[in-house]
Every structure is written in C-alpha cells, then in structure tokens.
$ cat data_19.txt   # compact mmCIF, C-alpha atoms
# COMPACT_ATOMS: atom_id res chain seq x y z
CA MET A 55 -103.26 -230.04 52.01
CA ALA A 56 -104.36 -229.72 48.50
CA SER A 57 -103.05 -229.54 45.07
CA SER A 58 -101.81 -227.39 42.29
CA PRO A 59 -101.61 -227.82 38.46
CA PRO A 60 -100.70 -226.60 34.71
CA PHE A 61 -101.06 -227.71 31.16
CA LEU A 62 -102.41 -227.18 27.81
CA LEU A 63 -104.63 -224.41 26.77
CA LEU A 64 -107.80 -222.86 27.98
CA LEU A 65 -109.86 -222.61 24.86
CA PRO A 66 -111.46 -219.42 23.70
CA LEU A 67 -114.92 -220.94 24.01
CA PHE A 68 -114.53 -221.89 27.65
CA PHE A 69 -114.77 -218.58 29.47
CA SER A 70 -115.59 -215.18 28.12
CA PHE A 71 -112.51 -213.72 29.80
CA LEU A 72 -110.24 -216.16 27.96
CA ILE A 73 -110.91 -215.10 24.39
CA TYR A 74 -107.50 -215.04 22.70
CA PRO A 75 -106.78 -215.98 19.08
CA ILE A 76 -103.89 -218.40 18.73
CA HIS A 77 -101.67 -215.84 17.01
CA ALA A 78 -102.01 -213.52 19.99
CA LEU A 79 -100.57 -216.00 22.52
CA SER A 80 -97.84 -214.38 24.58
CA GLN A 81 -94.72 -216.00 26.03
CA ILE A 82 -94.77 -215.69 29.81
CA SER A 83 -92.84 -217.01 32.78
CA LEU A 84 -94.47 -219.96 34.54
CA SER A 85 -92.66 -219.58 37.86
CA GLN A 86 -96.06 -220.03 39.52
CA PRO A 87 -97.93 -222.03 36.88
CA SER A 88 -101.62 -222.49 37.32
CA VAL A 89 -103.48 -223.83 34.31
CA PHE A 90 -106.99 -225.19 34.01
CA LEU A 91 -108.44 -227.27 31.20
CA PRO A 92 -112.23 -226.99 30.75
CA VAL A 93 -114.35 -230.10 31.23
CA THR A 94 -117.83 -230.77 29.87
CA ARG A 95 -119.86 -233.96 29.53
CA ASP A 96 -121.12 -235.20 26.18
CA PRO A 97 -124.89 -235.76 26.63
CA THR A 98 -125.01 -238.74 24.26
CA THR A 99 -122.00 -240.84 25.30
CA LEU A 100 -121.62 -239.38 28.83
CA GLN A 101 -117.89 -239.11 28.10
CA TYR A 102 -115.99 -236.20 29.65
CA ILE A 103 -114.41 -233.84 27.16
CA THR A 104 -111.69 -231.23 27.39
CA GLN A 105 -110.05 -228.98 24.80
CA ILE A 106 -106.50 -228.09 23.87
CA HIS A 107 -105.22 -226.04 20.96
CA HIS A 108 -103.15 -228.08 18.53
CA GLU A 109 -103.19 -226.27 15.19
CA LYS A 110 -106.85 -225.59 16.02
CA PRO A 111 -109.26 -226.17 18.94
CA THR A 112 -109.08 -229.92 19.61
CA ASN A 113 -111.59 -231.92 21.65
CA LEU A 114 -110.21 -234.82 23.67
CA ILE A 115 -111.85 -237.53 25.79
CA ILE A 116 -110.48 -237.59 29.34
CA ASP A 117 -109.07 -240.95 30.44
CA LEU A 118 -107.46 -241.23 33.87
CA SER A 119 -105.84 -244.53 32.90
CA ALA A 120 -104.44 -243.73 29.45
CA PRO A 121 -100.61 -243.50 29.50
CA PHE A 122 -100.28 -240.62 27.04
CA LEU A 123 -102.05 -238.10 24.85
CA TRP A 124 -102.98 -239.26 21.35
CA ILE A 125 -104.58 -237.31 18.53
CA ASP A 126 -105.91 -238.15 15.09
CA CYS A 127 -103.29 -236.50 12.88
CA ASP A 128 -104.60 -237.91 9.57
CA SER A 129 -107.64 -235.70 9.17
CA GLY A 130 -107.97 -231.95 9.36
CA GLU A 131 -105.18 -229.41 8.92
CA PRO A 132 -101.96 -230.27 7.04
CA LYS A 133 -98.98 -231.09 9.21
CA LEU A 134 -97.29 -227.98 10.59
CA PRO A 135 -93.52 -227.52 10.24
CA SER A 136 -93.26 -227.53 14.04
CA ARG A 137 -94.10 -231.24 14.26
CA ARG A 138 -91.10 -233.53 14.80
CA VAL A 139 -91.28 -237.30 14.49
CA ILE A 140 -89.39 -238.93 17.37
CA PRO A 141 -86.85 -241.55 16.24
CA SER A 142 -86.79 -244.98 17.86
CA CYS A 143 -83.19 -244.40 19.01
CA SER A 144 -83.94 -241.48 21.32
CA ILE A 145 -84.38 -240.67 24.98
CA GLN A 146 -87.99 -239.73 24.33
CA CYS A 147 -88.70 -243.10 22.74
CA SER A 148 -87.02 -244.95 25.58
CA MET A 149 -89.35 -243.11 28.00
CA ALA A 150 -92.23 -244.64 26.04
CA LYS A 151 -90.67 -248.13 25.96
CA PRO A 152 -93.55 -249.98 27.71
CA PHE A 153 -95.93 -248.80 24.97
CA HIS A 154 -93.88 -249.77 21.92
CA PHE A 155 -95.74 -251.26 18.98
CA GLY A 156 -94.40 -254.76 18.30
CA ASP A 157 -90.62 -255.08 18.56
CA ASN A 158 -89.69 -252.44 16.02
CA ASN A 159 -88.37 -249.96 18.58
CA LYS A 160 -86.64 -252.60 20.67
CA LYS A 161 -84.47 -254.08 17.93
CA HIS A 162 -84.19 -251.67 15.03
CA CYS A 163 -83.12 -248.04 15.00
CA PHE A 164 -82.73 -247.78 11.24
CA PHE A 165 -84.70 -248.63 8.13
CA GLY A 166 -82.01 -248.71 5.46
CA THR A 167 -80.10 -245.46 5.89
CA HIS A 168 -82.89 -243.62 7.74
CA LEU A 169 -83.79 -243.53 11.40
CA SER A 170 -86.99 -245.41 12.13
CA SER A 171 -89.80 -243.61 13.91
CA CYS A 172 -90.85 -244.41 17.48
CA SER A 173 -93.98 -246.53 17.07
CA LEU A 174 -96.44 -246.77 19.95
CA SER A 175 -99.41 -249.01 20.63
CA VAL A 176 -102.41 -246.67 20.70
CA GLN A 177 -105.61 -247.87 22.37
CA ASN A 178 -109.19 -246.72 22.13
CA PRO A 179 -110.61 -247.44 25.62
CA ILE A 180 -114.20 -247.26 24.39
CA SER A 181 -114.06 -249.63 21.42
CA GLY A 182 -111.16 -251.67 22.79
CA SER A 183 -109.31 -251.40 19.48
CA THR A 184 -105.54 -251.04 19.24
CA SER A 185 -103.47 -249.58 16.43
CA LYS A 186 -100.01 -248.34 15.58
CA GLY A 187 -99.24 -244.73 16.35
CA VAL A 188 -96.15 -242.58 15.97
CA LEU A 189 -94.59 -240.58 18.79
CA VAL A 190 -94.18 -236.94 17.80
CA GLU A 191 -93.37 -233.63 19.44
CA ASP A 192 -95.35 -230.57 18.51
CA VAL A 193 -96.51 -227.24 19.80
CA ILE A 194 -99.62 -227.08 21.96
CA ALA A 195 -101.05 -223.91 23.42
CA VAL A 196 -100.83 -223.68 27.21
CA GLY A 197 -103.02 -221.25 29.10
CA SER A 198 -103.35 -220.06 32.67
CA LYS A 199 -106.57 -219.25 34.44
CA SER A 200 -105.55 -215.58 34.47
CA GLY A 201 -105.88 -215.56 30.69
CA LYS A 202 -102.15 -215.37 29.94
CA GLN A 203 -101.09 -218.10 27.58
CA VAL A 204 -97.95 -219.61 26.16
CA THR A 205 -97.07 -222.29 23.68
CA ASP A 206 -94.71 -225.18 24.31
CA SER A 207 -93.76 -228.52 22.78
CA PHE A 208 -95.28 -231.74 24.10
CA LEU A 209 -94.87 -235.40 23.25
CA PHE A 210 -97.95 -237.24 22.02
CA ALA A 211 -98.90 -240.00 19.61
CA CYS A 212 -100.38 -239.50 16.16
CA ALA A 213 -103.07 -242.13 15.56
CA PRO A 214 -105.14 -243.13 12.51
CA THR A 215 -108.62 -241.68 12.11
CA ALA A 216 -110.24 -245.12 12.54
CA MET A 217 -109.21 -245.02 16.21
CA LEU A 218 -111.90 -242.39 16.85
CA ASN A 219 -114.72 -244.95 16.55
CA GLY A 220 -116.88 -244.91 19.66
CA LEU A 221 -115.62 -241.58 20.93
CA ALA A 222 -117.97 -238.65 21.35
CA SER A 223 -118.78 -236.71 18.21
CA GLU A 224 -116.09 -234.18 17.32
CA ALA A 225 -113.55 -235.83 19.65
CA GLN A 226 -110.13 -236.06 18.04
CA GLY A 227 -108.26 -238.16 20.56
CA ILE A 228 -107.64 -239.12 24.18
CA LEU A 229 -106.12 -237.03 26.96
CA GLY A 230 -104.18 -239.56 29.04
CA LEU A 231 -103.65 -238.79 32.73
CA GLY A 232 -101.88 -242.05 33.65
CA ARG A 233 -98.61 -242.52 35.49
CA SER A 234 -96.26 -242.95 32.52
CA PRO A 235 -93.22 -240.68 31.90
CA ILE A 236 -94.90 -239.31 28.76
CA SER A 237 -98.35 -238.68 30.25
CA ILE A 238 -99.49 -235.07 30.39
CA PRO A 239 -99.09 -234.76 34.20
CA SER A 240 -95.53 -236.16 34.01
CA GLN A 241 -94.52 -233.92 31.11
CA LEU A 242 -95.87 -230.83 32.81
CA ALA A 243 -94.19 -231.63 36.12
CA ALA A 244 -90.84 -232.10 34.38
CA LYS A 245 -91.24 -229.11 32.06
CA PHE A 246 -92.36 -226.56 34.62
CA GLU A 247 -90.68 -228.04 37.73
CA PHE A 248 -93.69 -228.43 39.95
CA GLN A 249 -94.96 -231.36 41.98
CA ASN A 250 -96.34 -234.26 39.97
CA LYS A 251 -100.00 -233.99 40.82
CA PHE A 252 -103.22 -232.79 39.29
CA ALA A 253 -106.79 -232.07 40.36
CA THR A 254 -110.12 -232.78 38.72
CA CYS A 255 -113.60 -231.42 39.18
CA LEU A 256 -115.93 -233.16 36.75
CA SER A 257 -119.14 -231.53 35.62
CA ASN A 258 -121.64 -231.71 32.80
CA SER A 259 -120.86 -228.11 31.88
CA ASN A 260 -118.31 -226.21 33.98
CA GLY A 261 -115.72 -228.67 35.26
CA PHE A 262 -111.94 -228.54 34.99
CA ILE A 263 -108.65 -230.38 35.22
CA SER A 264 -105.90 -228.42 36.94
CA PHE A 265 -102.12 -228.82 36.79
CA GLY A 266 -99.54 -226.82 38.73
CA ASN A 267 -100.12 -224.29 41.47
CA MET A 268 -103.89 -224.31 41.75
CA GLY A 269 -103.73 -223.01 45.28
CA THR A 270 -105.19 -226.17 46.78
CA ASN A 271 -102.74 -225.93 49.69
CA SER A 272 -105.17 -223.29 50.89
CA ILE A 273 -108.21 -225.53 50.51
CA SER A 274 -109.46 -227.23 53.61
CA GLY A 275 -111.81 -230.16 53.76
CA LEU A 276 -110.03 -232.75 51.64
CA THR A 277 -109.86 -236.32 52.94
CA TYR A 278 -106.81 -238.38 51.95
CA THR A 279 -106.32 -242.05 51.22
CA ASN A 280 -103.55 -244.11 49.63
CA LEU A 281 -103.48 -244.74 45.91
CA VAL A 282 -102.72 -248.36 45.06
CA HIS A 283 -100.04 -248.45 42.38
CA ASP A 284 -101.25 -250.58 39.48
CA SER A 285 -99.90 -249.80 36.01
CA GLN A 286 -101.60 -246.65 34.66
CA ASP A 287 -104.82 -247.06 36.65
CA TYR A 288 -105.76 -245.29 39.86
CA PHE A 289 -107.00 -247.64 42.58
CA ILE A 290 -107.96 -247.18 46.21
CA ASN A 291 -108.83 -249.81 48.83
CA VAL A 292 -112.46 -250.03 49.95
CA ARG A 293 -112.73 -252.13 53.12
CA ALA A 294 -116.51 -251.92 53.60
CA ILE A 295 -119.71 -250.35 52.30
CA LYS A 296 -122.31 -248.82 54.59
CA ILE A 297 -125.85 -247.69 53.82
CA ASN A 298 -127.28 -245.14 56.25
CA GLY A 299 -124.46 -246.05 58.62
CA LYS A 300 -125.18 -249.80 58.58
CA ARG A 301 -122.44 -252.07 57.23
CA VAL A 302 -123.42 -254.24 54.26
CA ALA A 303 -122.15 -257.81 54.64
CA LEU A 304 -120.12 -258.00 51.43
CA GLY A 305 -117.04 -259.81 52.76
CA LEU A 306 -114.76 -256.89 51.89
CA GLY A 307 -111.78 -256.08 54.03
CA GLN A 308 -111.23 -259.54 55.43
CA GLU A 309 -107.83 -259.75 57.09
CA GLY A 310 -107.37 -256.08 56.34
CA ILE A 311 -107.07 -256.63 52.60
CA GLY A 312 -110.00 -254.62 51.29
CA SER A 313 -111.30 -254.44 47.74
CA ARG A 314 -109.22 -252.75 45.05
CA THR A 315 -111.49 -250.05 43.67
CA LYS A 316 -110.78 -248.31 40.39
CA ILE A 317 -111.52 -244.64 39.72
CA SER A 318 -112.63 -244.10 36.13
CA THR A 319 -113.69 -241.15 33.98
CA LEU A 320 -114.84 -243.50 31.19
CA VAL A 321 -117.40 -245.54 33.14
CA ALA A 322 -120.52 -243.40 33.40
CA TYR A 323 -121.85 -244.90 36.65
CA THR A 324 -120.25 -246.85 39.48
CA THR A 325 -120.34 -250.60 38.94
CA LEU A 326 -120.12 -253.49 41.39
CA GLU A 327 -119.23 -257.07 40.49
CA SER A 328 -122.49 -259.06 40.29
CA THR A 329 -122.13 -260.92 43.59
CA ILE A 330 -121.40 -257.70 45.46
CA TYR A 331 -124.11 -255.81 43.58
CA GLY A 332 -126.83 -258.31 44.48
CA ILE A 333 -126.15 -257.97 48.21
CA PHE A 334 -125.76 -254.20 47.95
CA LYS A 335 -128.98 -253.78 45.96
CA ASN A 336 -131.06 -255.69 48.52
CA ALA A 337 -129.58 -253.68 51.39
CA TYR A 338 -130.19 -250.40 49.58
CA LEU A 339 -133.78 -251.33 48.74
CA LYS A 340 -134.44 -252.24 52.38
CA ALA A 341 -133.05 -248.86 53.52
CA ALA A 342 -135.09 -247.02 50.87
CA ILE A 343 -138.34 -248.71 51.88
CA PHE A 344 -137.60 -247.86 55.52
CA MET A 345 -137.39 -244.21 54.37
CA ASN A 346 -140.84 -244.58 52.74
CA MET A 347 -139.47 -244.44 49.20
CA THR A 348 -141.67 -246.07 46.54
CA ARG A 349 -140.03 -248.42 44.06
CA VAL A 350 -141.14 -248.14 40.42
CA VAL A 351 -140.44 -250.17 37.29
CA PRO A 352 -137.23 -249.00 35.58
CA SER A 353 -137.79 -247.02 32.40
CA GLY A 354 -134.98 -248.91 30.67
CA ALA A 355 -131.28 -249.69 30.60
CA PRO A 356 -128.92 -249.29 32.27
CA PHE A 357 -130.86 -248.83 35.54
CA ASP A 358 -132.73 -251.52 37.44
CA LEU A 359 -133.48 -249.91 40.81
CA CYS A 360 -135.75 -246.89 40.45
CA PHE A 361 -138.03 -244.90 42.74
CA SER A 362 -140.75 -242.31 42.57
CA SER A 363 -139.32 -238.85 43.22
CA LYS A 364 -142.71 -237.37 44.15
CA GLY A 365 -142.58 -235.75 47.56
CA ILE A 366 -138.84 -236.33 47.99
CA GLU A 367 -137.17 -233.01 48.66
CA ASN A 368 -133.50 -232.39 47.90
CA ILE A 369 -133.08 -236.06 46.95
CA SER A 370 -133.32 -237.30 50.55
CA VAL A 371 -132.29 -240.90 49.96
CA PRO A 372 -130.06 -243.44 51.73
CA VAL A 373 -126.47 -242.30 52.17
CA ILE A 374 -123.74 -244.64 50.92
CA ASP A 375 -120.32 -244.78 52.57
CA LEU A 376 -117.25 -246.39 51.05
CA VAL A 377 -115.11 -247.12 54.10
CA LEU A 378 -111.42 -246.77 53.28
CA GLN A 379 -108.38 -247.33 55.52
CA SER A 380 -110.38 -246.89 58.72
CA GLU A 381 -113.91 -246.26 59.97
CA MET A 382 -113.00 -242.58 60.20
CA VAL A 383 -112.00 -242.32 56.53
CA LYS A 384 -114.90 -242.75 54.16
CA TRP A 385 -116.04 -241.60 50.75
CA ARG A 386 -119.64 -240.53 51.29
CA ILE A 387 -122.10 -240.62 48.39
CA TYR A 388 -125.18 -238.46 48.85
CA GLY A 389 -128.31 -238.32 46.70
CA ARG A 390 -126.82 -235.86 44.23
CA ASN A 391 -124.19 -238.45 43.29
CA SER A 392 -126.27 -241.59 43.76
CA MET A 393 -129.62 -240.85 42.13
CA VAL A 394 -130.07 -240.12 38.42
CA LYS A 395 -133.20 -238.24 37.42
CA VAL A 396 -134.61 -240.08 34.41
CA SER A 397 -137.97 -238.31 34.22
CA GLU A 398 -140.02 -235.71 36.05
CA ASP A 399 -141.25 -238.25 38.60
CA VAL A 400 -138.66 -241.04 38.51
CA MET A 401 -135.10 -241.31 39.76
CA CYS A 402 -132.83 -244.35 39.53
CA LEU A 403 -129.85 -245.56 41.51
CA GLY A 404 -126.71 -244.71 39.55
CA ILE A 405 -124.83 -247.77 40.81
CA LEU A 406 -125.01 -250.71 38.43
CA ASP A 407 -124.30 -254.40 38.06
CA GLY A 408 -120.81 -254.75 36.57
CA GLY A 409 -121.22 -258.43 35.68
CA LEU A 410 -119.73 -261.67 36.97
CA ASP A 411 -116.62 -261.39 34.81
CA SER A 412 -115.75 -257.87 35.94
CA LYS A 413 -111.97 -257.47 36.24
CA THR A 414 -112.44 -255.02 39.11
CA SER A 415 -114.93 -255.62 41.93
CA ILE A 416 -115.76 -251.89 42.27
CA VAL A 417 -115.33 -249.12 39.70
CA ILE A 418 -116.23 -245.58 40.78
CA GLY A 419 -117.72 -243.94 37.71
CA GLY A 420 -117.97 -240.37 36.49
CA PHE A 421 -121.41 -239.58 37.89
CA GLN A 422 -120.14 -240.28 41.41
CA LEU A 423 -117.12 -238.01 40.77
CA GLU A 424 -119.08 -234.98 39.60
CA ASP A 425 -119.01 -231.76 41.63
CA MET A 426 -116.22 -233.14 43.82
CA LEU A 427 -112.64 -231.92 43.94
CA LEU A 428 -110.17 -234.80 43.57
CA GLU A 429 -106.41 -234.37 43.94
CA PHE A 430 -104.16 -237.08 42.47
CA ASP A 431 -100.73 -236.69 44.07
CA LEU A 432 -98.34 -238.98 42.19
CA GLY A 433 -95.39 -237.88 44.30
CA THR A 434 -96.86 -239.07 47.60
CA ASN A 435 -99.19 -241.65 45.99
CA MET A 436 -102.21 -240.16 47.73
CA LEU A 437 -105.73 -239.25 46.64
CA GLY A 438 -107.47 -236.28 48.21
CA PHE A 439 -111.23 -235.93 47.80
CA SER A 440 -113.80 -233.42 48.97
CA GLN A 441 -117.40 -233.70 50.02
CA PRO A 442 -119.83 -232.85 47.18
CA LEU A 443 -119.41 -229.14 46.55
CA SER A 444 -123.18 -228.71 46.43
CA LEU A 445 -123.27 -229.31 50.21
CA ARG A 446 -121.38 -226.01 50.56
CA GLN A 447 -123.49 -224.23 47.95
CA ALA A 448 -120.45 -224.35 45.68
CA SER A 449 -119.64 -225.76 42.26
CA CYS A 450 -116.60 -226.52 40.13
CA SER A 451 -116.77 -223.06 38.59
CA ASP A 452 -116.07 -221.48 42.00
CA PHE A 453 -112.49 -222.76 41.70
CA LEU A 454 -112.01 -220.90 38.46
CA LEU A 455 -111.92 -217.55 40.19
CA GLU A 456 -108.71 -215.56 39.90
CA SER A 457 -107.60 -216.48 43.41
CA GLY A 458 -107.99 -220.21 42.78
CA VAL A 459 -108.76 -220.68 46.48
CA LYS A 460 -112.02 -221.94 47.90
CA GLU A 461 -112.63 -223.03 51.48
CA LEU A 462 -114.65 -226.24 51.73
CA MET A 463 -115.29 -226.19 55.45
$ encode --input "data_19.txt" --output "structure tokens"
Amino acid sequence: MASSPPFLLLLPLFFSFLIYPIHALSQISLSQPSVFLPVTRDPTTLQYITQIHHEKPTNLIIDLSAPFLWIDCDSGEPKLPSRRVIPSCSIQCSMAKPFHFGDNNKKHCFFGTHLSSCSLSVQNPISGSTSKGVLVEDVIAVGSKSGKQVTDSFLFACAPTAMLNGLASEAQGILGLGRSPISIPSQLAAKFEFQNKFATCLSNSNGFISFGNMGTNSISGLTYTNLVHDSQDYFINVRAIKINGKRVALGLGQEGIGSRTKISTLVAYTTLESTIYGIFKNAYLKAAIFMNMTRVVPSGAPFDLCFSSKGIENISVPVIDLVLQSEMVKWRIYGRNSMVKVSEDVMCLGILDGGLDSKTSIVIGGFQLEDMLLEFDLGTNMLGFSQPLSLRQASCSDFLLESGVKELM
C-alpha cells in the first residue's frame, strides 16, 4: 500500500534529463499523473527547499503545516497578464475563509464600486511574523518525472517581500502541504482527480515530494499508523520510547492515550519537552556506555550529548524506537538518523531539548525524516513510513527512475 502524487514543475536544474525552457512546455493529458518536485537542504539554515516555475525558477521552503502556497510577488519580474486577483465574494475566497486577514472578507465584498480582493493572513513559520497577503490565481509550470510538462493555474497568496526574513537565501516563499482546501495537495487532487495524498523523501541533495500516481502501490515495506487530525499539522501518537529494545520510563501512553507527536520539515532535529528529554538523555547515555561509546564535550550548540566516533563502524549506536499504536508498530531510528557528524572524530545525538514551554512534547525533525519514504494519505488519514533507505542500499534518487517503483523489502 503506498502512494502516488503530482504538482508543480520539475526545474531544469534538477535532473539533466529534465532540461526544458519554459516556452517549450507542452500540454499533455494527466490521466496517470506522476509529478515530482526536487528537494534539497540549505546548508546554512537546514531548511528544505523545492522549486517551481512561476514566471521564473522559484525556490520555496517546504512546510508540512502551512495551509497554502505563498510567494513574494513584490520583487522580481513584473506581474504577468495571467495573474488574476481573487475577489472576496468568490468560491475560491470562501475556500480560504479560515485564513482571512481581519474581517474584511467576512463583511465586505465591495470597496466603493469595486470588488474587494480576498485578503489572507500570511505567516512566516521561521520568524513568526504575520502579514496581509492577497489570494491570486496564476500559471505555474507542472512537470512529470518523464520530462513531459504542462502549465496550469493554481491558487496562492502574494505576500510582501519583508515576509522572507529568516528564510534560506534565495527563497521566495513557502510551499504549504497542510490540510486546507487551497493547499497544494488539495488543489492537485481536485484538479487532476486523484487521491488526496502525497509522499516525501527528504535529502540534503536528491530528495523529492511526489503527488499523484507515484506507483507506491507497488512499494512494499511501508508501515502505517493513524494521523491525528489537528488543524494543518500532522501528528501521530507515540505511546512509548525504547532504546535498544528497553522501554524508557517516560509516562507516555498511560491509559492508552499516548503522546501527540508532530512531524515537521522546519525543525532541523527531533525535540523532546525538557522533562521527557532529561529522562531520555540519561537512558541513552547509559545504553551508549554499555556499548563502549566514549562521551566527549560538545563542540557547541545545539548538541549536548556527543561521542567519539573513533573505531565505530557504520555508526553502530543505540537504536531508538518510537512505539506507536502497538508494540508491533514502531518507528525505528538508526544511527544514520540519530547521530550527526560534527567533525572527523565526533558525532552528536540529533535529538534535542525542546524546552519546558514546548507546545508539543515530541517533534520529529527533518534529520530524522531524511532518506525515508513517507506517505501522507489525507483520504484515509494514515501515515505510511519506510525503514531508512540506506538499509537497503537505496536512496531517494532511486524513486526518480522512470518506473517510479522500488521494492523496499
């Protein structure tokens, strides 16, 4: 059981076999759509970046929780004639109702004799700033992994340039993958009549986001758990944490409740609320010492639990299990996704203290998501996740083959 996906464009710079100038895009039938967006990781901010083609190649920061796509429309190329401002009295604006800016759209359809525009509240998840944006519809290039591309109109918000503060250099907006009716997954599902789900495979260089018929129904090896519906965010329930098979006494899962755990592409490393982290850290250190690992002084923020990597082959370190709905269903974190190499001889645990005032007890960050295939099925409200692809001598780029099918078992 696995997923499928389509959307925007595959940029010329992504793969050598996808070099098409924008004027050469061809209109094609998407009866079996299968579109992949490239994903890289900015080395400075550790934010994950993708590209679309809106007037020109456009870099966007990937945010699983953002409810819609927004772009800085103030700088750069002049507005194209294809752009249409969405009026507040419209079906499209009513779809965006939860994100209205102030009460303008709720009470007033006209300014004098002219229709008012549909104003949205645009958020920068890095800086925390909020500003007024305008809902528009414009042409964005859409490409398939086979190299055939089309253009189509999509709804997104135009935001002021100041909203880019804190985003990776050259980023021009946010790609929102949340659950709203105007998010990119929802628009693609409605536009191309496929199931509302998408897949991600994060990487520092060759990852992807996939919408449509990726062929994941032919992929074996995915484990499934329920997604907890909570606004635009994606949560799962973690009932326990184990280190090398031994349960850590964190108090999770009492009375079958579990701990709501957020999946985030904006948090670089998994965080635990301070009380949980303190217990977890002591248990991990005890397991590491039992494995003859040597603790060293951290080289600096954000890490505080580091070890000598001398003599440790293939990052043989304690294995961490996030136990989900049962003891048989667990998200296993191996050394590749737990240890960060900070120097030639030092590696640090990439699980951090999230603070006492953390709104979420556990947040699974990007480093723990890398080189794993995740399928977000919004129709069934399920999350599918693979083992680290490196365990099968595979990588995210293996899914970008023409067949789009890769066995994980």
$ atom_distance --input "data_19.txt" --atom1 "atom CA of Leu256 of chain A" --atom2 "atom CA of His108 of chain A"
22.8 Å
$ residues_around --input "data_19.txt" --residues "Ser223 of chain A" --least-positions-apart "2" --cutoff "9 Å" --atoms "only C-alpha atoms" --output "PDB file with C-alpha atoms, in the coordinates of the input"
ATOM      1  CA  ASP A  96    -121.120-235.200  26.180  1.00  0.00           C
ATOM      2  CA  THR A  98    -125.010-238.740  24.260  1.00  0.00           C
ATOM      3  CA  THR A  99    -122.000-240.840  25.300  1.00  0.00           C
ATOM      4  CA  GLY A 220    -116.880-244.910  19.660  1.00  0.00           C
ATOM      5  CA  LEU A 221    -115.620-241.580  20.930  1.00  0.00           C
ATOM      6  CA  ALA A 225    -113.550-235.830  19.650  1.00  0.00           C
ATOM      7  CA  GLN A 226    -110.130-236.060  18.040  1.00  0.00           C
TER       8      GLN A 226
END
$ closest_residue --input "data_19.txt" --among "A:Cys143, A:Val400, A:Leu276, A:Leu123" --to "Gly232 of chain A" --atoms "all atoms listed in the file"
A:Leu123
$ closest_residue --input "data_19.txt" --among "A:Gly299, A:Pro356, A:Pro111, A:Gly305" --to "Tyr338 of chain A" --atoms "only C-alpha atoms"
A:Gly299
$ closest_residue --input "data_19.txt" --among "A:Ile180, A:Ile330, A:Leu114, A:Met149" --to "Leu410 of chain A" --atoms "all atoms listed in the file"
A:Ile330
$ residues_near_point --input "data_19.txt" --point "(-113.9, -229.7, 38.3)" --cutoff "7 Å" --atoms "all atoms listed in the file" --output "list in words"
Thr254, Cys255, Leu256, Ser257, Gly261, Phe262, Ile263, Asp425, Met426, Leu427 and Cys450 of chain A
$ closest_residue --input "data_19.txt" --among "A:Met436, A:Arg293, A:Asp431, A:Met345" --to "Glu381 of chain A" --atoms "only C-alpha atoms"
A:Arg293
$ atom_distance --input "data_19.txt" --atom1 "atom CA of Gln241 of chain A" --atom2 "atom CA of Phe153 of chain A"
16.2 Å
$ closest_residue --input "data_19.txt" --among "A:Asn435, A:Ser285, A:Thr215, A:Ser318" --to "Val176 of chain A" --atoms "all atoms listed in the file"
A:Thr215
$ residues_near_point --input "data_19.txt" --point "(-135.7, -245.2, 43.5)" --cutoff "12 Å" --atoms "only C-alpha atoms" --output "ChimeraX atom specification"
/A:335,338-343,345-353,357-364,366,369-372,389,392-397,399-405
$ closest_residue --input "data_19.txt" --among "A:Gln422, A:Thr104, A:Gln447, A:Thr324" --to "Gly408 of chain A" --atoms "all atoms listed in the file"
A:Thr324
$ atom_distance --input "data_19.txt" --atom1 "atom CA of Ala448 of chain A" --atom2 "atom CA of Ser259 of chain A"
14.3 Å
